[in-house]
Each structure stands twice: as structure tokens, then as C-alpha cells.
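Q: My questions will all concern the structure given below.
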There are 2 protein chains.
Amino acid sequence: MRVELLCTGDELVTGLITDTNSNYLEARLFDLGVKVERVVLVGDVRPDITRALTEAASRADVVVVSGGLGPTADDFTLECAASAAGVPLEEDPRVLGWLHERYAARGIPPNPSALRMARVPRGSEPVKNPEGSAPLVLMKLGGAQLFFLPGVPREFKALLEAEVLPRIRATLDARPGRTYRAFRLLRTVGIPESELDLSVAPMAPRHPRVVFGFRTHAPENHLKLMAEASSQSEADAALAAAEAECRQVLGPRIFGADAETYAAALLETLRRAGATLAVAESCTGGLIAQQLTAVPGSSDVFIGGAVVYSEKMKSAWVGVPPELLARHTAVSRETAVAMAEGVRAACATTFGLSVTGYAGPGGGTPEDPVGTVYCALAAPGLPTRVERISVTGDRDRVRLFAASFTQEMLRQHLLAAPATP
Amino acid sequence: MRVELLCTGDELVTGLITDTNSNYLEARLFDLGVKVERVVLVGDVRPDITRALTEAASRADVVVVSGGLGPTADDFTLECAASAAGVPLEEDPRVLGWLHERYAARGIPPNPSALRMARVPRGSEPVKNPEGSAPLVLMKLGGAQLFFLPGVPREFKALLEAEVLPRIRATLDARPGRTYRAFRLLRTVGIPESELDLSVAPMAPRHPRVVFGFRTHAPENHLKLMAEASSQSEADAALAAAEAECRQVLGPRIFGADAETYAAALLETLRRAGATLAVAESCTGGLIAQQLTAVPGSSDVFIGGAVVYSEKMKSAWVGVPPELLARHTAVSRETAVAMAEGVRAACATTFGLSVTGYAGPGGGTPEDPVGTVYCALAAPGLPTRVERISVTGDRDRVRLFAASFTQEMLRQHLLAAPATP
């Protein structure tokens with residue numbers, strides 16, 4: 001099945017917004033075994049849209065069109081479609097009814113320009129949009145099935161999922177030789193992409209139905225597995241076998257799958273161990289606390305975070321002795337250790353984590369230039385562990401890498417020696 | 001000048017990555033007064049690329065092509081270009097020299113597959129790529145000037161800025177009637193888009209050369225001004241006049257321009273007042289501290305942040321009396337006030353800010369459902385101010401709106417009554 005996508009709107013060709021609809025549709029179709037053949041973005045120019053529609057319909061079996069269905073003067077996609085098909089626009093009584101319903105529900109009189117949305121090409125089939133005013137419109141052009149969707153991402157996605165993809169899936173299911181796919185994203189942090197590749201490459205020949213891909217999403221590196229087969233159950237089984245072998249080889253270095261964050265993985269590991277956590281942050285400035293508390297339900301594990309952005313507060317909140325700061329400076333192994341131990345004691349938690357470093361652009365010393373970060377972990381019954389890392393890049397990157405490294409330090413510790421609080 | 005963009009690569013039509021190159025190019029060309037006519041994305045399929053090249057060259061004056069110039073088996077854009085032009089690929093001795101230079105610099109022998117990158121269409125003009133191996137290639141096809149760039153965003157941008165845009169600008173400057181543009185993004189938070197529109201609409205007729213646009217980038221609403229004129233100085237002057245009037249009407253509700261964040265605006269306002277700040281966060285969990293400390297140089301103003309995710313730490317770090325928590329609960333006006341005053345006292349700062357609320361999805365009470373947040377500001381010589389806000393949406397959205405609202409509370413306070421610490 002040849003599928004093309006046409007996105008209309010001046011905002012898409014002037015760099016004002018990134019077109020996320022096409023990405024979403026491509027990924028959903030790829031899940032169904034269909035690779036989109038071509039995506040075309042055009043501005044709000046009638047002859048350009050009409051031409052692009054005619055061209056796409058001449059090449060493809062299915063054309064999904066987004067944008068230009070609204071009530072304003074620059075919404076004329078259906079006018080172009082009618083012109084490409086050589087038919088007039090006609091007011092559709094069903095659409096008119098849906099529009100009146102929406103206005104009645106909001107208790108305001110219908111606006112004449114909004115009622116323009118009821119005008120659809122003769123012979124087309126409008127479908128109600130539960131998320132907005134402009135309907136989905138189905139239409140044939142040449143040999144192609146066209147789907148016209150609103151460009152608003154929420155409406156586009158809702159109609160795609162509820163109306164368009166089921167129709168495409170039904171057509172695919174009716175054809176012989178359909179490809180079924182299954183996916184898994186395995187997330188790691190702290191393993192270079194080249195090392196991931198080396199670990200995984202030897203297993204690829206044993207999984208001929210699985211494509212192994214890699215992607216860097218700093219500070220994480222992801223391993224993408226895609227299985228293809230002639231039935232969904234075969235694709236799922238091939239994926240499960242490849243995932244199991246990856247997990248065997250990489251072990252706990254995979255912190256999560258699909259959408260899981262490393263903060264969520266750490267919280268879950270702590271929860272299983274019955275442990276609690278507090279953090280003391282200097283250069284990360286609250287980033288670790290923010291990542292942990294972004295996870296719903298984190299409050300049963302995460303007790304407190306001290307953002308100690310001054311020497312005074314390092315002493316006041318997490319008990320770093322002023323003499324220690326004077327002797328070793330705020331960015332040192334000794335300060336990191338005292339912060340981790342101090343915040344653990346202050347919050348009476350199982351574990352304490354700390355970060356202090358030079359995130360830049362200012363600061364740093366010849367021995368500890370910008371990008372140097374000390375990360376410490378205070379744990380029950382063990383000497384506090386401290387690591388020095390050097391991160392290249394700008395302030396955001398240094399903070400992001402330091403935050404992930406510190407959280408992974410604790411997760412790896414828990415997996416190696418589960419806490420007995 | 002008609003410009004089209006063709007991006008090649010399977011990853012672009014399967015939803016694996018978002019194409020950022022086209023957005024970047026569109027915006028840079030729009031700055032020069034050129035609206036891209038069409039963007040086409042195609043997968044790594046030879047006939048599809050050849051056809052798309054031929055079609056684009058038949059319509060446009062300039063076609064910028066990205067991707068498929070590398071050394072691997074799925075890099076064949078130049079092969080398609082040669083086929084579209086009916087010329088052979090030929091090894092270019094200059095490109096071969098550049099490739100050998102790069103390998104020599106890295107101290108490794110040239111790889112035969114990499115040397116394929118020296119094969120360019122007969123009659124084309126390669127230009128050295130300072131950021132990578134694959135050269136920029138200039139070529140004529142039909143009446144169009146084609147530019148072939150590598151798809152790696154860093155290389156694409158570098159070659160675009162250094163080689164492609166200067167050539168396009170020179171062509172534009174040689175034509176009569178070129179349009180010059182100037183832009184300003186004015187950022188607000190806490191003003192609904194409809195109110196922004198109402199404030200600004202009456203001034204539009206006085207600025208015929210300026211287009212007023214609006215964009216929501218939650219929690220911010222942005223006002224976009226674009227001036228067009230027949231010279232750069234006229235465009236700049238028209239923009240400055242419109243910006244001045246917007247600033248007069250909206251005053252301090254505009255917190256910043258272009259890339260400035262509200263945290264940076266708050267820090268700068270505090271710095272000018274010679275004031276310092278500490279924050280106590282419950283439901284925002286470090287987000288405010290993280291936003292403030294993301295700004296370089298924040299440590300002269302921001303002293304400390306307490307992420308008090310438990311009742312115990314609300315008492316220990318910011319001195320909220322346990323009786324007060326027992327009587328009013330952790331999410332209450334009283335607790336917010338005690339947190340703001342307590343963190344101000346603990347850090348001995350000019351101002352203290354606090355946030356406590358129900359970010360969801362769990363929690364909340366009938367009186368204070370999920371989305372309810374109390375934000376307080378402790379200032380010298382004034383009663384502590386506390387605001388209750390209700391934010392709709394998910395956990396991330398509640399936290400984001402609470403963080404921006406709280407910071408804006410202080411910035412507005414400073415602008416209304418500058419601190420005299």
C-alpha cells in the first residue's frame with residue numbers, strides 16, 4: 001500500500017512550528033508495516049495545494065491530508081480538493097447539525113464563518129470530530145483514498161486513531177502478504193553507543209526477524225528493536241526473544257523500556273528495597289529532585305532535596321563544616337562526601353546522594369575545569385563512595401549528565417547489593 | 001525566488017526522527033524574505049528520490065537537498081541526481097584530496113567505502129565540508145540551482161550558513177523588489193492569548209508593515225512581531241516602533257524578548273534591586289530551583305532551595321511548626337506562608353518564595369482538588385502574600401504553571417515596589 005502525507009499551512013514552511021503530525025502518523029503506520037512513501041509540506045497557497053493533491057493522488061493508494069479545514073480565510077484545503085476533483089463544494093446537513101450542536105453546548109450563537117466548515121466536496125463523506133469543529137472528510141480522487149484531517153495535533157491524533165488507522169488497518173488485513181511489526185525501546189545511560197553496538201552486534205544473526213537500531217538521546221543511549229513477521233504473534237515472539245537476549249547481555253545497564261525514565265527506574269528500585277532517599281545538589285541546582293518528583297507517587301521514597309547554592313546553606317542544611325569548605329573548596333571530593341552524608345542524616349533516609357561541580361560557563365580551576373563534577377553516595381554500613389566525572393558541553397549538558405550519573409550510581413549500587421534498611 | 005526543500009532518509013518517513021533541518025532552513029530563508037514553497041520528505045528509495053528531484057527542479061529556482069551523501073549503501077542521492085540529469089558520476093580529485101586529508105589527520109588509512117564520497121555528478125561543483133567528510137555539492141538541473149547537503153544537522157547547518165545562504169542572499173540582492181524582514185518575540189506569562197490579542201489588535205492599523213502573531217508555549221504566551229520592508233533599516237525601524245508600543249501597552253507583563261526565560265528575567269530584576277532569593281518547594285519538587293540555576297551566574301542572587309517533600313523536612317529545613325501542619329495540612333495557605341517565611345529566614349535572603357499543592361494524579365481534597373496550588377511570597381517589611389491557583393491538566397502541567405506563576409509573583413512585586421534591602 002502506497003501512503004503519502006500532505007501537510008498544509010504557512011507555519012509549516014516558514015520555520016514557525018515543527019510538523020509533529022507527520023512524525024506521529026509515520027510511526028503509527030510503520031507499526032502497521034507501512035512505510036510512508038512521501039511527505040509533502042506546502043504553504044497556504046491554493047494552486048500549490050491543488051497541485052500537490054493531484055500529484056499525490058496520482059502516485060498513492062492513500063493520501064492523508066492535514067490542515068486548512070478551519071473557519072478562517074486561510075482554510076481552503078477542501079476547496080482545493082473539490083477543484084482537483086472537478087466537483088463543487090456543497091453544504092452538508094450532517095456537518096451543519098454537528099456545528100449547531102457544538103455551539104448550543106457552549107451556549108453561544110453559531111458564527112457564520114464557522115458554518116463555512118459545513119461545506120465539503122460533493123461525493124465526499126464527513127465524519128464527526130469529537131475533539132473539535134472541523135470534521136474528518138473522506139474522499140476519492142483518481143484511484144486514491146483521501147483523508148482530510150484538521151492540523152491541530154490533538155484533533156489530528158484523535159481522528160487518526162479513532163477513524164483513519166482502523167480503516168487503513170482493515171484494508172491492509174484484507175490484502176495478502178501484510179507485514180506485522182513489534183517494537184521495544186531499551187534505555188541505557190552511561191554506556192557509549194559504540195559499546196552498545198559491540199555488545200549487541202553478535203546476537204543479530206540469531207534474530208533474523210529483528211532489526212537492531214541505536215539512538216542517542218543525551219544522556220541516554222537507546223537500543224531499538226523492531227521485529228517483522230507475517231503475523232502479529234510471530235512478530236511479538238521474535239521481539240521477546242531478542243529483548244530477552246539483550247537483557248541477558250546488558251543486564252541492569254538497561255534501566256527501563258519504552259517511556260520509563262531513569263528517575264522512575266531508581267524510585268522503583270528503591271521502593272522494592274523498602275529504602276528512602278534524600279539529595280543535596282549544588283551545580284545541578286534541583287534538577288535531580290525535579291526529575292525524581294516528576295514521577296507520580298515519588299513521595300513515598302523521596303523525602304527531601306537541598307539545593308545548597310551557597311557555602312552557608314551547605315553548612316546550614318546538610319551540615320558541611322565551614323572549615324572543610326575553607327580547606328577543600330565547595331567543589332571537591334570532601335565536600336561531595338560531606339553533602340551526601342549530611343543530607344542522609346538531615347532527612348534520616350536510607351541513602352543520600354550529592355552533586356557539586358562546575359557547570360559553567362564561568363568557574364573552574366586548572367585542576368577541576370568547567371565540566372568537572374563530584375557525585376557522592378552515602379549508604380548504610382559502607383564508606384561513602386565519591387566519583388569525579390568530566391562532562392564536555394554547555395551548562396545544560398553538564399547538569400543533565402551529572403544528574404543521570406548520580407542517580408545511576410545509586411541504582412547500580414542497589415542492584416549489586418540490595419539495601420536491608 | 002521559488003525555493004523547495006527535499007529531505008531524504010528512511011528515518012524521516014518512519015517516524016524515527018523529526019526532521020529539524022527543514023525547519024531551520026525555512027526560518028533562515030523566511031528571515032531573508034523567502035517563503036519555502038514546498039518541503040518533500042522521501043525514504044531511501046532510488047526512483048522516489050530521482051522523481052522528487054526532477055519534479056522539484058521543474059518547479060523551483062533553488063532546491064536544497066539534504067541527506068544521502070555519506071559512505072554507506074543507503075547513501076545514493078548523488079547517484080539519483082546524476083541519473084535525473086543524464087550524466088555519469090565521476091571521481092572528483094579535489095574531494096578525494098579532502099577525504100585523504102581527513103583520514104591523515106585522524107591517523108587512519110582511508111576506507112574504500114568512504115572514498116565513494118568523492119564520486120559526484122559530472123559538471124557539478126563540490127565544496128569542502130569543514131565539519132565532516134561528505135562535501136556540499138552544487139549542481140544545475142533544468143533551470144534550477146541544486147544544493148546537496150549532508151543530513152547530519154550539525155553539518156547541514158554549518159554548510160547552510162557558510163555556503164548556501166550567502167549564495168542565495170547574493171542572488172536575492174541582485175534582484176529587484178527583495179523583501180527584508182525583522183522579528184521580535186515578546187514573552188508573557190499569565191496573560192491569556194485572547195487578552196493579548198485584545199490588547200494588541202487596536203495598534204495593528206498603526207503598523208501596516210508589521211504582522212502581529214500569537215503563539216502559546218505553555219505556560220507562556222508569546223507575541224510575535226514581524227516587520228517587512230524594502231530595506232533592512234526600514235524593517236528594523238518598523239519593528240522597533242511596534243515593539244515600543246507593545247511594551248507601552250503591556251508594560252512589565254512582557255517579561256522578556258526572544259530567548260530570555262522568566263527565571264532569567266526574575267534573576268535580572270533581583271540583581272538590579274540588589275536582592276537575594278530562596279525557595280521552598282513541595283509539589284514543584286525542585287523545578288523552580290532548577291529553572292533559576294539553569295541561568296548562568298544565578299549564584300549571586302539565588303542562595304538556596306529546599307525541596308521539602310515530607311512534613312518532617314518542612315519543619316526541619318524551613319521551620320514550619322508541626323502543629324501548624326497538623327491543623328492546616330501541608331497543602332494550605334498557612335503552610336505556604338510558613339514555608340516562604342521559613343526559607344527566607346533560613347537562608348537570610350531578601351525574599352522567600354514557596355509552593356505547596358496537589359500536582360496529581362493522586363491526592364487532593366474536595367475543597368482543594370488536584371491542580372490546587374498555594375504560592376507564597378515573603379518580602380521585607382510586608383505581610384507575606386499567598387495566592388491559590390487552580391491548574392488544569394497533568395502533573396507536568398500543574399508543576400510548570402505553579403513554577404512560572406510563583407516566579408512571576410515576585411517579579412511583578414519587584415517592578416511594582418522595588419526592594420530596598
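Following the order of the C-alpha cells, first chain is A, next is B, and so on, with residues numbered from 1 inside each chain and ligands from 1 in the order they appear.
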Write out as a PyMOL selection string which residues come within 8 Å of range 392-408 of chain B when counting only C-alpha atoms, dropping same-chain ones fewer than 3 positions away.

A: (chain A and resi 294+296) or (chain B and resi 189-190+218-219+262-263+266+283-284+287-288+353-355+359-361+371+373+375-377+389+411-412)

Q: Determine, using only C-alpha atoms, which residues of chain B have any atom at most 7 Å from an atom of chain A, and tabulate each with its shortest atom pair and distance in Å to one decimal place, rows ordered by chain and then rising number, as JSON lines.

A:
```
{"residue": "B:Val13", "atom": "CA", "partner": "A:Val36", "partner_atom": "CA", "distance": 5.5}
{"residue": "B:Thr14", "atom": "CA", "partner": "A:Glu26", "partner_atom": "CA", "distance": 4.8}
{"residue": "B:Gly15", "atom": "CA", "partner": "A:Ala27", "partner_atom": "CA", "distance": 4.2}
{"residue": "B:Leu16", "atom": "CA", "partner": "A:Ala27", "partner_atom": "CA", "distance": 7.0}
{"residue": "B:Thr18", "atom": "CA", "partner": "A:Asn23", "partner_atom": "CA", "distance": 6.4}
{"residue": "B:Asn23", "atom": "CA", "partner": "A:Gly15", "partner_atom": "CA", "distance": 4.4}
{"residue": "B:Tyr24", "atom": "CA", "partner": "A:Gly15", "partner_atom": "CA", "distance": 6.2}
{"residue": "B:Glu26", "atom": "CA", "partner": "A:Gly15", "partner_atom": "CA", "distance": 4.7}
{"residue": "B:Ala27", "atom": "CA", "partner": "A:Gly15", "partner_atom": "CA", "distance": 4.2}
{"residue": "B:Phe30", "atom": "CA", "partner": "A:Thr14", "partner_atom": "CA", "distance": 5.8}
{"residue": "B:Lys35", "atom": "CA", "partner": "A:Thr14", "partner_atom": "CA", "distance": 6.0}
{"residue": "B:Val36", "atom": "CA", "partner": "A:Val13", "partner_atom": "CA", "distance": 5.5}
{"residue": "B:Glu37", "atom": "CA", "partner": "A:Val42", "partner_atom": "CA", "distance": 6.1}
{"residue": "B:Arg38", "atom": "CA", "partner": "A:Val42", "partner_atom": "CA", "distance": 4.7}
{"residue": "B:Val39", "atom": "CA", "partner": "A:Leu41", "partner_atom": "CA", "distance": 4.9}
{"residue": "B:Val40", "atom": "CA", "partner": "A:Val40", "partner_atom": "CA", "distance": 4.5}
{"residue": "B:Leu41", "atom": "CA", "partner": "A:Val39", "partner_atom": "CA", "distance": 4.9}
{"residue": "B:Val42", "atom": "CA", "partner": "A:Arg38", "partner_atom": "CA", "distance": 4.7}
{"residue": "B:Gly43", "atom": "CA", "partner": "A:Glu37", "partner_atom": "CA", "distance": 6.4}
{"residue": "B:Gly285", "atom": "CA", "partner": "A:Gln290", "partner_atom": "CA", "distance": 5.1}
{"residue": "B:Gly286", "atom": "CA", "partner": "A:Gly286", "partner_atom": "CA", "distance": 4.6}
{"residue": "B:Leu287", "atom": "CA", "partner": "A:Gln290", "partner_atom": "CA", "distance": 5.2}
{"residue": "B:Ala289", "atom": "CA", "partner": "A:Gly286", "partner_atom": "CA", "distance": 5.4}
{"residue": "B:Gln290", "atom": "CA", "partner": "A:Gly286", "partner_atom": "CA", "distance": 4.6}
{"residue": "B:Thr293", "atom": "CA", "partner": "A:Gly285", "partner_atom": "CA", "distance": 5.4}
{"residue": "B:Ala294", "atom": "CA", "partner": "A:Asp396", "partner_atom": "CA", "distance": 6.9}
{"residue": "B:Pro296", "atom": "CA", "partner": "A:Pro361", "partner_atom": "CA", "distance": 6.8}
{"residue": "B:Ser299", "atom": "CA", "partner": "A:Tyr309", "partner_atom": "CA", "distance": 6.3}
{"residue": "B:Phe302", "atom": "CA", "partner": "A:Tyr309", "partner_atom": "CA", "distance": 6.9}
{"residue": "B:Ile303", "atom": "CA", "partner": "A:Tyr309", "partner_atom": "CA", "distance": 5.2}
{"residue": "B:Gly304", "atom": "CA", "partner": "A:Val308", "partner_atom": "CA", "distance": 5.0}
{"residue": "B:Gly305", "atom": "CA", "partner": "A:Val307", "partner_atom": "CA", "distance": 4.6}
{"residue": "B:Ala306", "atom": "CA", "partner": "A:Ala306", "partner_atom": "CA", "distance": 5.0}
{"residue": "B:Val307", "atom": "CA", "partner": "A:Gly305", "partner_atom": "CA", "distance": 4.6}
{"residue": "B:Val308", "atom": "CA", "partner": "A:Gly304", "partner_atom": "CA", "distance": 5.0}
{"residue": "B:Tyr309", "atom": "CA", "partner": "A:Gly304", "partner_atom": "CA", "distance": 5.2}
{"residue": "B:Ser310", "atom": "CA", "partner": "A:Ile303", "partner_atom": "CA", "distance": 5.4}
{"residue": "B:Met313", "atom": "CA", "partner": "A:Gly304", "partner_atom": "CA", "distance": 6.5}
{"residue": "B:Trp317", "atom": "CA", "partner": "A:Trp317", "partner_atom": "CA", "distance": 6.5}
{"residue": "B:Cys347", "atom": "CA", "partner": "A:Met313", "partner_atom": "CA", "distance": 6.8}
{"residue": "B:Pro361", "atom": "CA", "partner": "A:Pro296", "partner_atom": "CA", "distance": 6.8}
{"residue": "B:Asp396", "atom": "CA", "partner": "A:Ala294", "partner_atom": "CA", "distance": 6.9}
```

Q: Excluding Arg169 in chain A and residues on its chain fewer than 3 positions from it, collect all residues at most 12 Å away from it, counting only C-alpha atoms, and give them as a list in words.

A: Met1, Arg28, Leu29, Phe30, Asp31, Leu32, Gly33, Val34, Val62, Leu160, Glu161, Ala162, Glu163, Val164, Leu165, Pro166, Leu172, Asp173, Ala174, Arg175, Arg178, Thr179 and Tyr180 of chain A

Q: Could you find all residues in range 54-114 of chain B that DSSP calls strand (DSSP E) from the backbone, and write them as a ChimeraX atom specification?

A: /B:62-66,89-91

Q: Could you pull out the residues in range 203-404 of chain A that DSSP calls alpha helix (DSSP H) from the backbone, as a VMD selection string?

A: chain A and resid 232 to 250 262 to 272 287 to 293 311 to 318 322 to 328 333 to 347 395 to 404

Q: Compile the contact shell of Met117 in chain B as a PyMOL selection string: residues with an atom at most 7 Å away, counting only C-alpha atoms, same-chain residues fewer than 4 positions apart removed.

A: chain B and resi 69-71+134

Q: The selected residues should be written to file as a short mmCIF file (atom, residue, chain, number, x, y, z; two decimals), in the first residue's frame (atoms: N, CA, C and O atoms).

A:
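Writing done, so here's out-v9.cif:
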```cif
data_model
loop_
_atom_site.label_atom_id
_atom_site.label_comp_id
_atom_site.auth_asym_id
_atom_site.auth_seq_id
_atom_site.Cartn_x
_atom_site.Cartn_y
_atom_site.Cartn_z
N LEU B 69 24.37 11.56 1.42
CA LEU B 69 25.68 11.84 0.81
C LEU B 69 26.80 11.02 1.46
O LEU B 69 27.95 11.14 1.06
N GLY B 70 26.48 10.22 2.45
CA GLY B 70 27.52 9.52 3.21
C GLY B 70 28.09 8.32 2.50
O GLY B 70 27.84 8.10 1.31
N PRO B 71 28.85 7.49 3.25
CA PRO B 71 29.59 6.39 2.64
C PRO B 71 28.84 5.06 2.59
O PRO B 71 29.37 4.10 2.02
N ALA B 134 31.47 14.29 3.88
CA ALA B 134 30.70 14.46 2.65
C ALA B 134 30.69 15.93 2.24
O ALA B 134 30.30 16.79 3.04
#
```

Q: When distances are computed from only C-alpha atoms, which of B:Val331, B:Val337, B:Leu414, B:Met409 shows the smallest separation from Thr384 in chain B?

A: B:Val337

Q: If you count only C-alpha atoms, which residues fall within 12 Å of Ala237 in chain B, apart from same-chain ones fewer than 3 positions away, as a list in words?

A: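 Once the nearby chain positions are removed, what remains is Tyr180, Arg181, Ala182, Phe183, His207, Arg209, Val210, Met226, Ala227, Glu228, Ala229, Ser230, Ser231, Gln232, Ser233, Glu234, Ala240, Ala241, Ala242, Glu243 and Ala244 of chain B.
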
Q: Which residues come within 12 Å of Glu195 in chain A, counting only C-alpha atoms, excluding same-chain residues fewer than 2 positions away, as a ChimeraX atom specification?

A: /A:188-193,197-201,214,221-223,249-250,253

Q: Could you please determine the separation between CA of Gly177 in chain B and CA of Leu225 in chain B in Å, to one decimal place?

A: 21.8 Å

Q: Would you list the contacts of Arg122 in chain A as a list in words, taking every protein, DNA or RNA residue within 6 Å and counting only C-alpha atoms, but skipping same-chain residues closer than 5 positions in sequence?

A: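 Using only C-alpha atoms, the neighbours found are Val87, Pro88, Leu89 and Glu90 of chain A.
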
Q: At what distance in Å, to one decimal, does CA of Leu53 in chain B lie from CA of Met139 in chain A?

A: 28.7 Å
